[in-house]
$ cat entry_8.txt   # compact mmCIF, C-alpha atoms
# COMPACT_ATOMS: atom_id res chain seq x y z
CA MET G 1 52.76 37.17 36.58
CA LYS G 2 52.21 34.77 33.71
CA LEU G 3 53.74 31.97 35.75
CA LYS G 4 51.30 32.64 38.58
CA VAL G 5 48.35 32.54 36.19
CA MET G 6 49.55 29.29 34.62
CA ARG G 7 50.09 27.77 38.06
CA ALA G 8 46.55 28.68 39.08
CA VAL G 9 45.16 27.14 35.90
CA ASN G 10 47.04 23.89 36.49
CA GLU G 11 46.06 23.73 40.15
CA GLU G 12 42.37 24.11 39.31
CA ASN G 13 42.68 21.53 36.53
CA ASP G 14 44.38 19.06 38.89
CA LEU G 15 41.58 19.41 41.43
CA ILE G 16 38.97 18.63 38.80
CA ALA G 17 41.11 15.78 37.43
CA ASN G 18 41.06 14.19 40.87
CA GLU G 19 37.26 14.46 40.89
CA VAL G 20 37.13 12.74 37.50
CA ARG G 21 39.51 10.04 38.68
CA THR G 22 37.41 9.40 41.78
CA VAL G 23 34.23 9.01 39.73
CA LEU G 24 35.88 6.64 37.27
CA ASN G 25 37.45 4.62 40.07
CA ASP G 26 34.09 4.33 41.81
CA TYR G 27 32.69 2.74 38.65
CA GLY G 28 35.81 0.65 38.05
CA VAL G 29 36.47 2.34 34.70
CA LEU G 30 39.99 2.23 33.28
CA ALA G 31 40.85 5.54 31.55
CA LEU G 32 43.56 5.95 28.91
CA ASN G 33 44.65 9.32 27.52
CA LEU G 34 45.97 9.07 23.93
CA MET G 35 48.32 11.93 23.02
CA SER G 36 50.16 12.66 19.77
CA SER G 37 50.54 14.96 16.79
CA PRO G 38 47.69 15.32 14.27
CA GLY G 39 47.71 12.46 11.77
CA SER G 40 49.78 10.08 13.88
CA GLY G 41 47.08 7.42 13.78
CA LYS G 42 45.21 7.83 17.09
CA THR G 43 41.81 7.18 15.55
CA SER G 44 43.10 4.27 13.47
CA LEU G 45 44.59 2.79 16.63
CA LEU G 46 41.23 3.12 18.35
CA GLU G 47 39.37 1.56 15.43
CA SER G 48 41.69 -1.47 15.42
CA THR G 49 41.62 -1.82 19.21
CA LEU G 50 37.86 -1.55 19.55
CA ALA G 51 37.25 -4.00 16.71
CA ALA G 52 39.71 -6.53 18.11
CA MET G 53 38.71 -6.30 21.79
CA ARG G 54 35.04 -5.32 21.94
CA ASP G 55 34.03 -8.91 22.78
CA GLU G 56 36.38 -8.82 25.81
CA MET G 57 35.78 -5.34 27.23
CA ARG G 58 33.10 -2.66 27.17
CA PHE G 59 34.50 0.54 25.73
CA ALA G 60 33.56 4.20 25.54
CA VAL G 61 35.45 6.98 23.76
CA ILE G 62 35.85 10.73 24.15
CA VAL G 63 37.32 12.41 21.08
CA GLY G 64 38.93 15.84 21.23
CA ASP G 65 39.35 18.02 18.15
CA LEU G 66 39.23 21.71 17.39
CA PHE G 67 36.37 21.27 14.91
CA THR G 68 34.26 18.64 13.07
CA MET G 69 32.74 15.30 14.11
CA LYS G 70 34.83 13.21 11.70
CA ASP G 71 36.73 11.08 14.22
CA ALA G 72 33.66 10.46 16.39
CA GLU G 73 31.75 9.34 13.31
CA ARG G 74 34.45 6.76 12.60
CA ILE G 75 34.12 5.37 16.13
CA ASP G 76 30.33 5.46 16.08
CA VAL G 77 30.29 3.05 13.13
CA LEU G 78 31.75 0.41 15.45
CA GLY G 79 28.78 0.70 17.81
CA VAL G 80 30.89 2.05 20.67
CA PRO G 81 29.53 4.94 22.80
CA VAL G 82 31.41 8.07 21.75
CA VAL G 83 31.24 11.78 22.53
CA GLN G 84 33.02 14.44 20.49
CA ILE G 85 34.46 17.50 22.23
CA ASN G 86 35.21 20.42 19.93
CA THR G 87 37.57 22.82 21.66
CA GLU G 88 37.15 25.47 18.91
CA GLY G 89 40.73 26.65 19.21
CA SER G 90 42.12 25.17 22.42
CA CYS G 91 45.12 22.93 21.75
CA HIS G 92 44.25 20.35 24.41
CA LEU G 93 41.46 18.83 26.46
CA THR G 94 41.01 19.82 30.11
CA ALA G 95 39.76 17.91 33.11
CA ASN G 96 36.66 20.08 33.23
CA MET G 97 35.78 19.07 29.66
CA ILE G 98 36.02 15.43 30.69
CA ARG G 99 33.99 15.98 33.86
CA GLU G 100 31.19 17.63 31.87
CA THR G 101 31.20 14.76 29.37
CA LEU G 102 31.03 11.80 31.75
CA SER G 103 27.29 12.22 32.25
CA GLU G 104 26.83 11.30 28.57
CA PHE G 105 27.88 7.72 29.34
CA ASP G 106 26.38 4.88 31.35
CA LEU G 107 29.56 4.30 33.34
CA GLU G 108 28.17 1.12 34.87
CA ALA G 109 28.36 -0.34 31.37
CA VAL G 110 31.95 0.77 30.66
CA ASP G 111 35.16 -1.08 31.45
CA CYS G 112 37.59 1.15 29.57
CA LEU G 113 37.35 4.81 28.54
CA PHE G 114 39.66 5.99 25.78
CA ILE G 115 40.28 9.74 25.61
CA GLU G 116 41.65 10.82 22.24
CA ASN G 117 43.29 14.15 23.01
CA VAL G 118 43.67 17.03 20.58
CA GLY G 119 46.55 16.47 18.16
CA ASN G 120 49.51 18.30 19.73
CA LEU G 121 52.88 17.23 21.13
CA VAL G 122 53.09 20.10 23.62
CA CYS G 123 49.97 21.14 25.56
CA PRO G 124 48.28 17.78 26.33
CA SER G 125 51.28 16.57 28.33
CA SER G 126 50.74 19.36 30.90
CA PHE G 127 47.08 18.67 31.71
CA ASP G 128 45.88 15.78 33.85
CA LEU G 129 42.45 14.62 32.67
CA GLY G 130 41.82 12.16 35.47
CA GLU G 131 43.17 9.29 33.40
CA ASP G 132 44.87 6.21 34.83
CA TYR G 133 47.49 5.97 32.10
CA ARG G 134 48.98 8.18 29.39
CA VAL G 135 49.74 6.81 25.94
CA ALA G 136 52.19 8.80 23.80
CA ILE G 137 52.18 8.11 20.08
CA LEU G 138 54.78 8.96 17.44
CA SER G 139 54.28 8.06 13.79
CA THR G 140 57.24 7.28 11.57
CA PRO G 141 56.50 10.09 9.02
CA GLU G 142 57.07 12.62 11.82
CA GLY G 143 60.75 11.72 12.12
CA ASN G 144 63.08 10.55 14.90
CA ASP G 145 63.91 14.11 15.97
CA LYS G 146 60.48 14.70 17.54
CA ILE G 147 61.43 12.61 20.57
CA GLU G 148 64.21 15.02 21.48
CA LYS G 149 62.25 18.11 20.48
CA TYR G 150 59.22 17.21 22.62
CA PRO G 151 60.69 15.07 25.42
CA LYS G 152 58.02 15.80 28.04
CA MET G 153 55.36 13.99 26.02
CA PHE G 154 57.34 10.75 25.94
CA ARG G 155 58.90 11.11 29.39
CA MET G 156 55.49 11.36 31.11
CA ALA G 157 53.84 8.50 29.22
CA HIS G 158 53.12 5.10 30.72
CA VAL G 159 53.60 3.52 27.29
CA ASN G 160 55.11 4.87 24.06
CA LEU G 161 53.83 3.71 20.68
CA ILE G 162 55.64 4.06 17.37
CA THR G 163 52.94 3.87 14.70
CA LYS G 164 52.92 3.44 10.92
CA THR G 165 55.98 1.20 11.09
CA ASP G 166 55.08 -0.13 7.64
CA LEU G 167 56.23 3.26 6.31
CA SER G 168 59.52 3.40 8.21
CA GLU G 169 61.76 2.54 5.27
CA ALA G 170 59.92 4.83 2.88
CA VAL G 171 60.31 7.82 5.20
CA ASP G 172 63.82 6.86 6.40
CA PHE G 173 62.75 6.42 10.02
CA ASP G 174 65.20 4.58 12.26
CA LEU G 175 63.03 2.37 14.47
CA ALA G 176 65.89 1.14 16.65
CA ASP G 177 67.11 4.68 17.25
CA ALA G 178 63.61 5.89 18.18
CA GLN G 179 63.08 3.03 20.60
CA ALA G 180 66.46 3.69 22.24
CA LYS G 181 65.68 7.39 22.65
CA MET G 182 62.31 6.63 24.21
CA HIS G 183 63.86 4.13 26.65
CA LEU G 184 66.52 6.66 27.59
CA LEU G 185 63.88 9.28 28.37
CA ASN G 186 61.50 6.89 30.09
CA PRO G 187 63.06 3.52 31.00
CA ASP G 188 59.94 2.38 32.89
CA ALA G 189 57.57 2.72 29.92
CA PRO G 190 57.32 -0.08 27.36
CA VAL G 191 57.74 0.86 23.71
CA PHE G 192 55.61 -0.92 21.10
CA GLN G 193 56.33 -0.68 17.39
CA ILE G 194 52.99 -1.12 15.67
CA SER G 195 51.14 -0.86 12.38
CA THR G 196 47.36 -0.86 12.19
CA LYS G 197 47.69 -1.57 8.47
CA THR G 198 49.74 -4.76 8.74
CA GLY G 199 48.87 -5.72 12.32
CA LEU G 200 52.53 -5.70 13.36
CA GLY G 201 52.88 -5.33 17.14
CA MET G 202 49.15 -4.84 17.72
CA GLU G 203 48.81 -7.94 19.90
CA ASP G 204 51.48 -6.53 22.23
CA TRP G 205 49.37 -3.39 22.61
CA TYR G 206 46.17 -5.37 23.17
CA THR G 207 47.88 -7.48 25.83
CA TRP G 208 49.05 -4.34 27.63
CA VAL G 209 45.49 -2.97 27.72
CA ARG G 210 44.12 -6.31 28.93
CA ARG G 211 46.55 -6.37 31.83
CA LEU G 212 45.60 -2.84 32.87
CA ASP G 213 41.92 -3.76 32.84
CA LEU G 214 42.57 -6.89 34.88
CA ASN G 215 44.56 -4.92 37.45
CA LYS G 216 41.80 -2.31 37.64
CA ALA G 217 39.21 -4.97 38.31
CA ILE G 218 41.19 -6.52 41.19
$ encode --input "entry_8.txt" --output "structure tokens"
Amino acid sequence: MKLKVMRAVNEENDLIANEVRTVLNDYGVLALNLMSSPGSGKTSLLESTLAAMRDEMRFAVIVGDLFTMKDAERIDVLGVPVVQINTEGSCHLTANMIRETLSEFDLEAVDCLFIENVGNLVCPSSFDLGEDYRVAILSTPEGNDKIEKYPKMFRMAHVNLITKTDLSEAVDFDLADAQAKMHLLNPDAPVFQISTKTGLGMEDWYTWVRRLDLNKAI
């Protein structure tokens, strides 16, 4: 019975996700869903990306958290349109939450919508939000074992990011091993080793986003 209920929930979510995707496609908006554990550096990644690329592309951001406005406030400082969704207990965003939020933006003035999902390596990977691409993020303090413990997150991603690489030696994180495990799970997805603190690998990430936006515009 539980399987039937879960299937019904996913089917309804997928229908709404397709509605969201249609709306965003009609406006030519590229949508990226950022998924990771809490504290992996999603908001820091957004801050660096928006600051580096805001003269090239017009951004908007949806931030998902259980409570508080802290992450949205960090984005707002950059002058980028942002809406905070507080799930108040739910471990992931849903397509319906995104659909209800789109009206808060002038989509004609947006090239790229970043969706910062709730920090969780399990639930977000099962819910389509109407995004074009999924970005899975693993920070070095979390450890290499998380790739094997939560394979669906990295297997379903269109790109895998290893963040906080400047801490890899301090936390005994094997970067080569992590990259190999990600490639084994998902050989079609590029893996970028990055650090928002040092700037390492960030240009590779920016270039990837630029190419997606160019392809969307064609």
$ closest_residue --input "entry_8.txt" --among "G:Gly130, G:Gly89, G:Pro187, G:Pro151" --to "Leu113 of chain G" --atoms "all atoms listed in the file"
G:Gly130
$ atom_distance --input "entry_8.txt" --atom1 "atom CA of Ala31 of chain G" --atom2 "atom CA of Lys216 of chain G"
10.0 Å
$ residues_near_point --input "entry_8.txt" --point "(51.6, -3.3, 8.1)" --cutoff "9 Å" --atoms "all atoms listed in the file" --output "list of chain:residue names"
G:Lys164, G:Thr165, G:Asp166, G:Leu167, G:Ile194, G:Ser195, G:Thr196, G:Lys197, G:Thr198, G:Gly199, G:Leu200
$ closest_residue --input "entry_8.txt" --among "G:Ala170, G:Ile75, G:Val118, G:Cys112" --to "Glu56 of chain G" --atoms "all atoms listed in the file"
G:Cys112
$ residues_around --input "entry_8.txt" --residues "segment 175-181 of chain G" --least-positions-apart "4" --cutoff "9 Å" --atoms "only C-alpha atoms" --output "PyMOL selection string"
chain G and resi 140+143-145+147-148+160+162+165+168+185-186+191-193
$ atom_distance --input "entry_8.txt" --atom1 "atom CA of Val63 of chain G" --atom2 "atom CA of Asn33 of chain G"
10.2 Å
$ atom_distance --input "entry_8.txt" --atom1 "atom CA of Val80 of chain G" --atom2 "atom CA of Glu116 of chain G"
14.0 Å
$ closest_residue --input "entry_8.txt" --among "G:Ile98, G:Asn117, G:Asn25, G:Leu46" --to "Asp65 of chain G" --atoms "only C-alpha atoms"
G:Asn117
$ residues_around --input "entry_8.txt" --residues "Ala136 of chain G" --least-positions-apart "4" --cutoff "6 Å" --atoms "all atoms listed in the file" --output "list of chain:residue names"
G:Met35, G:Ser36, G:Phe154, G:Ala157, G:Asn160
$ write_last_selection --input "entry_8.txt" --atoms "C-alpha atoms" --output "PDB file, keeping the file's coordinate frame"
ATOM      1  CA  MET G  35      48.320  11.930  23.020  1.00  0.00           C
ATOM      2  CA  SER G  36      50.160  12.660  19.770  1.00  0.00           C
ATOM      3  CA  PHE G 154      57.340  10.750  25.940  1.00  0.00           C
ATOM      4  CA  ALA G 157      53.840   8.500  29.220  1.00  0.00           C
ATOM      5  CA  ASN G 160      55.110   4.870  24.060  1.00  0.00           C
TER       6      ASN G 160
END
$ residues_near_point --input "entry_8.txt" --point "(40.3, 7.5, 32.7)" --cutoff "10 Å" --atoms "all atoms listed in the file" --output "MDAnalysis selection string"
chainID G and resid 17 20:25 28:33 98 112:115 129:134
$ write_last_selection --input "entry_8.txt" --atoms "C-alpha atoms" --output "mmCIF file, in the frame of the given file"
data_model
loop_
_atom_site.group_PDB
_atom_site.id
_atom_site.type_symbol
_atom_site.label_atom_id
_atom_site.label_comp_id
_atom_site.auth_asym_id
_atom_site.auth_seq_id
_atom_site.Cartn_x
_atom_site.Cartn_y
_atom_site.Cartn_z
ATOM 1 C CA ALA G 17 41.110 15.780 37.430
ATOM 2 C CA VAL G 20 37.130 12.740 37.500
ATOM 3 C CA ARG G 21 39.510 10.040 38.680
ATOM 4 C CA THR G 22 37.410 9.400 41.780
ATOM 5 C CA VAL G 23 34.230 9.010 39.730
ATOM 6 C CA LEU G 24 35.880 6.640 37.270
ATOM 7 C CA ASN G 25 37.450 4.620 40.070
ATOM 8 C CA GLY G 28 35.810 0.650 38.050
ATOM 9 C CA VAL G 29 36.470 2.340 34.700
ATOM 10 C CA LEU G 30 39.990 2.230 33.280
ATOM 11 C CA ALA G 31 40.850 5.540 31.550
ATOM 12 C CA LEU G 32 43.560 5.950 28.910
ATOM 13 C CA ASN G 33 44.650 9.320 27.520
ATOM 14 C CA ILE G 98 36.020 15.430 30.690
ATOM 15 C CA CYS G 112 37.590 1.150 29.570
ATOM 16 C CA LEU G 113 37.350 4.810 28.540
ATOM 17 C CA PHE G 114 39.660 5.990 25.780
ATOM 18 C CA ILE G 115 40.280 9.740 25.610
ATOM 19 C CA LEU G 129 42.450 14.620 32.670
ATOM 20 C CA GLY G 130 41.820 12.160 35.470
ATOM 21 C CA GLU G 131 43.170 9.290 33.400
ATOM 22 C CA ASP G 132 44.870 6.210 34.830
ATOM 23 C CA TYR G 133 47.490 5.970 32.100
ATOM 24 C CA ARG G 134 48.980 8.180 29.390
#
$ closest_residue --input "entry_8.txt" --among "G:Val159, G:Met153, G:Ile85, G:Leu50" --to "Thr68 of chain G" --atoms "all atoms listed in the file"
G:Ile85
$ axis_aligned_box --input "entry_8.txt" --around "segment 170-174 of chain G" --padding-each-side "3 Å" --output "JSON"
{"center_x": 62.6, "center_y": 6.2, "center_z": 7.6, "size_x": 11.3, "size_y": 9.2, "size_z": 15.4}
$ closest_residue --input "entry_8.txt" --among "G:Asn86, G:Asn120, G:Thr101, G:Thr49" --to "Asp204 of chain G" --atoms "only C-alpha atoms"
G:Thr49
$ closest_residue --input "entry_8.txt" --among "G:Asp111, G:Leu93, G:His158, G:Leu45" --to "Ser126 of chain G" --atoms "all atoms listed in the file"
G:Leu93
$ residues_around --input "entry_8.txt" --residues "Gln84 of chain G" --least-positions-apart "2" --cutoff "7 Å" --atoms "only C-alpha atoms" --output "PyMOL selection string"
chain G and resi 62-64+69+72+82+86
$ write_last_selection --input "entry_8.txt" --atoms "C-alpha atoms" --output "PDB file, in the frame of the given file"
ATOM      1  CA  ILE G  62      35.850  10.730  24.150  1.00  0.00           C
ATOM      2  CA  VAL G  63      37.320  12.410  21.080  1.00  0.00           C
ATOM      3  CA  GLY G  64      38.930  15.840  21.230  1.00  0.00           C
ATOM      4  CA  MET G  69      32.740  15.300  14.110  1.00  0.00           C
ATOM      5  CA  ALA G  72      33.660  10.460  16.390  1.00  0.00           C
ATOM      6  CA  VAL G  82      31.410   8.070  21.750  1.00  0.00           C
ATOM      7  CA  ASN G  86      35.210  20.420  19.930  1.00  0.00           C
TER       8      ASN G  86
END
$ residues_around --input "entry_8.txt" --residues "Asp106 of chain G" --least-positions-apart "2" --cutoff "10 Å" --atoms "all atoms listed in the file" --output "MDAnalysis selection string"
chainID G and resid 27 60 81 102:104 108:110
$ decode --input "entry_8.txt" --residues "segment 87-129 of chain G" --atoms "N, CA and C atoms" --output "short mmCIF file (atom, residue, chain, number, x, y, z; two decimals), in the first residue's frame"
data_model
loop_
_atom_site.label_atom_id
_atom_site.label_comp_id
_atom_site.auth_asym_id
_atom_site.auth_seq_id
_atom_site.Cartn_x
_atom_site.Cartn_y
_atom_site.Cartn_z
N THR G 87 10.15 24.83 3.87
CA THR G 87 9.32 23.62 3.82
C THR G 87 8.77 23.23 5.20
N GLU G 88 9.34 23.80 6.26
CA GLU G 88 8.88 23.57 7.64
C GLU G 88 8.80 22.09 7.98
N GLY G 89 9.79 21.34 7.55
CA GLY G 89 9.87 19.93 7.92
C GLY G 89 10.09 19.00 6.74
N SER G 90 9.63 19.37 5.56
CA SER G 90 9.81 18.50 4.39
C SER G 90 11.28 18.50 3.98
N CYS G 91 11.79 17.33 3.63
CA CYS G 91 13.22 17.18 3.35
C CYS G 91 13.60 17.49 1.92
N HIS G 92 12.67 18.02 1.12
CA HIS G 92 12.97 18.31 -0.28
C HIS G 92 11.95 19.29 -0.82
N LEU G 93 12.29 19.93 -1.92
CA LEU G 93 11.34 20.76 -2.65
C LEU G 93 10.50 19.88 -3.56
N THR G 94 9.32 20.35 -3.93
CA THR G 94 8.46 19.64 -4.87
C THR G 94 8.18 20.54 -6.08
N ALA G 95 7.71 19.92 -7.14
CA ALA G 95 7.38 20.69 -8.33
C ALA G 95 6.28 21.71 -8.07
N ASN G 96 5.34 21.36 -7.21
CA ASN G 96 4.26 22.29 -6.90
C ASN G 96 4.79 23.54 -6.21
N MET G 97 5.78 23.36 -5.32
CA MET G 97 6.40 24.52 -4.66
C MET G 97 7.03 25.45 -5.69
N ILE G 98 7.68 24.86 -6.68
CA ILE G 98 8.31 25.67 -7.73
C ILE G 98 7.25 26.36 -8.56
N ARG G 99 6.21 25.64 -8.94
CA ARG G 99 5.13 26.22 -9.75
C ARG G 99 4.52 27.43 -9.05
N GLU G 100 4.28 27.32 -7.75
CA GLU G 100 3.67 28.41 -7.00
C GLU G 100 4.61 29.60 -6.83
N THR G 101 5.90 29.37 -7.01
CA THR G 101 6.89 30.42 -6.80
C THR G 101 7.22 31.19 -8.08
N LEU G 102 7.00 30.59 -9.22
CA LEU G 102 7.40 31.22 -10.48
C LEU G 102 6.77 32.58 -10.70
N SER G 103 5.56 32.76 -10.20
CA SER G 103 4.87 34.04 -10.39
C SER G 103 5.57 35.19 -9.67
N GLU G 104 6.49 34.86 -8.77
CA GLU G 104 7.23 35.90 -8.04
C GLU G 104 8.32 36.54 -8.91
N PHE G 105 8.61 35.93 -10.04
CA PHE G 105 9.68 36.42 -10.91
C PHE G 105 9.13 36.99 -12.22
N ASP G 106 9.86 37.93 -12.78
CA ASP G 106 9.61 38.39 -14.14
C ASP G 106 10.44 37.48 -15.05
N LEU G 107 9.84 36.40 -15.51
CA LEU G 107 10.59 35.40 -16.26
C LEU G 107 11.13 35.92 -17.59
N GLU G 108 10.54 36.97 -18.10
CA GLU G 108 11.06 37.57 -19.33
C GLU G 108 12.44 38.19 -19.10
N ALA G 109 12.75 38.45 -17.84
CA ALA G 109 14.02 39.08 -17.49
C ALA G 109 15.00 38.09 -16.86
N VAL G 110 14.76 36.80 -17.07
CA VAL G 110 15.60 35.75 -16.48
C VAL G 110 16.15 34.84 -17.57
N ASP G 111 17.45 34.62 -17.54
CA ASP G 111 18.09 33.65 -18.44
C ASP G 111 18.29 32.31 -17.75
N CYS G 112 18.62 32.35 -16.47
CA CYS G 112 18.97 31.13 -15.73
C CYS G 112 18.37 31.18 -14.33
N LEU G 113 17.63 30.12 -13.98
CA LEU G 113 17.05 29.98 -12.66
C LEU G 113 17.79 28.89 -11.90
N PHE G 114 18.41 29.26 -10.79
CA PHE G 114 19.03 28.29 -9.90
C PHE G 114 18.02 27.92 -8.81
N ILE G 115 17.87 26.62 -8.59
CA ILE G 115 17.03 26.11 -7.50
C ILE G 115 17.95 25.44 -6.50
N GLU G 116 18.09 26.04 -5.34
CA GLU G 116 18.91 25.45 -4.28
C GLU G 116 18.00 24.57 -3.43
N ASN G 117 18.10 23.27 -3.61
CA ASN G 117 17.22 22.34 -2.93
C ASN G 117 17.55 22.24 -1.45
N VAL G 118 16.66 21.64 -0.70
CA VAL G 118 16.89 21.40 0.73
C VAL G 118 18.09 20.48 0.89
N GLY G 119 18.94 20.74 1.87
CA GLY G 119 20.11 19.93 2.11
C GLY G 119 19.76 18.50 2.51
N ASN G 120 20.05 17.55 1.59
CA ASN G 120 19.65 16.16 1.82
C ASN G 120 20.20 15.34 0.65
N LEU G 121 20.84 14.22 0.92
CA LEU G 121 21.38 13.39 -0.15
C LEU G 121 20.42 12.29 -0.60
N VAL G 122 19.21 12.27 -0.03
CA VAL G 122 18.27 11.20 -0.35
C VAL G 122 17.07 11.71 -1.14
N CYS G 123 16.18 12.44 -0.47
CA CYS G 123 14.88 12.80 -1.05
C CYS G 123 14.93 13.63 -2.33
N PRO G 124 15.76 14.67 -2.41
CA PRO G 124 15.72 15.52 -3.61
C PRO G 124 15.95 14.77 -4.91
N SER G 125 16.70 13.68 -4.88
CA SER G 125 17.00 12.96 -6.12
C SER G 125 15.78 12.26 -6.69
N SER G 126 14.71 12.13 -5.91
CA SER G 126 13.51 11.41 -6.38
C SER G 126 12.41 12.33 -6.90
N PHE G 127 12.63 13.65 -6.85
CA PHE G 127 11.56 14.58 -7.21
C PHE G 127 12.01 15.54 -8.31
N ASP G 128 11.40 15.38 -9.47
CA ASP G 128 11.61 16.28 -10.60
C ASP G 128 10.97 17.62 -10.27
N LEU G 129 11.71 18.70 -10.45
CA LEU G 129 11.18 20.04 -10.17
C LEU G 129 10.87 20.82 -11.44
#
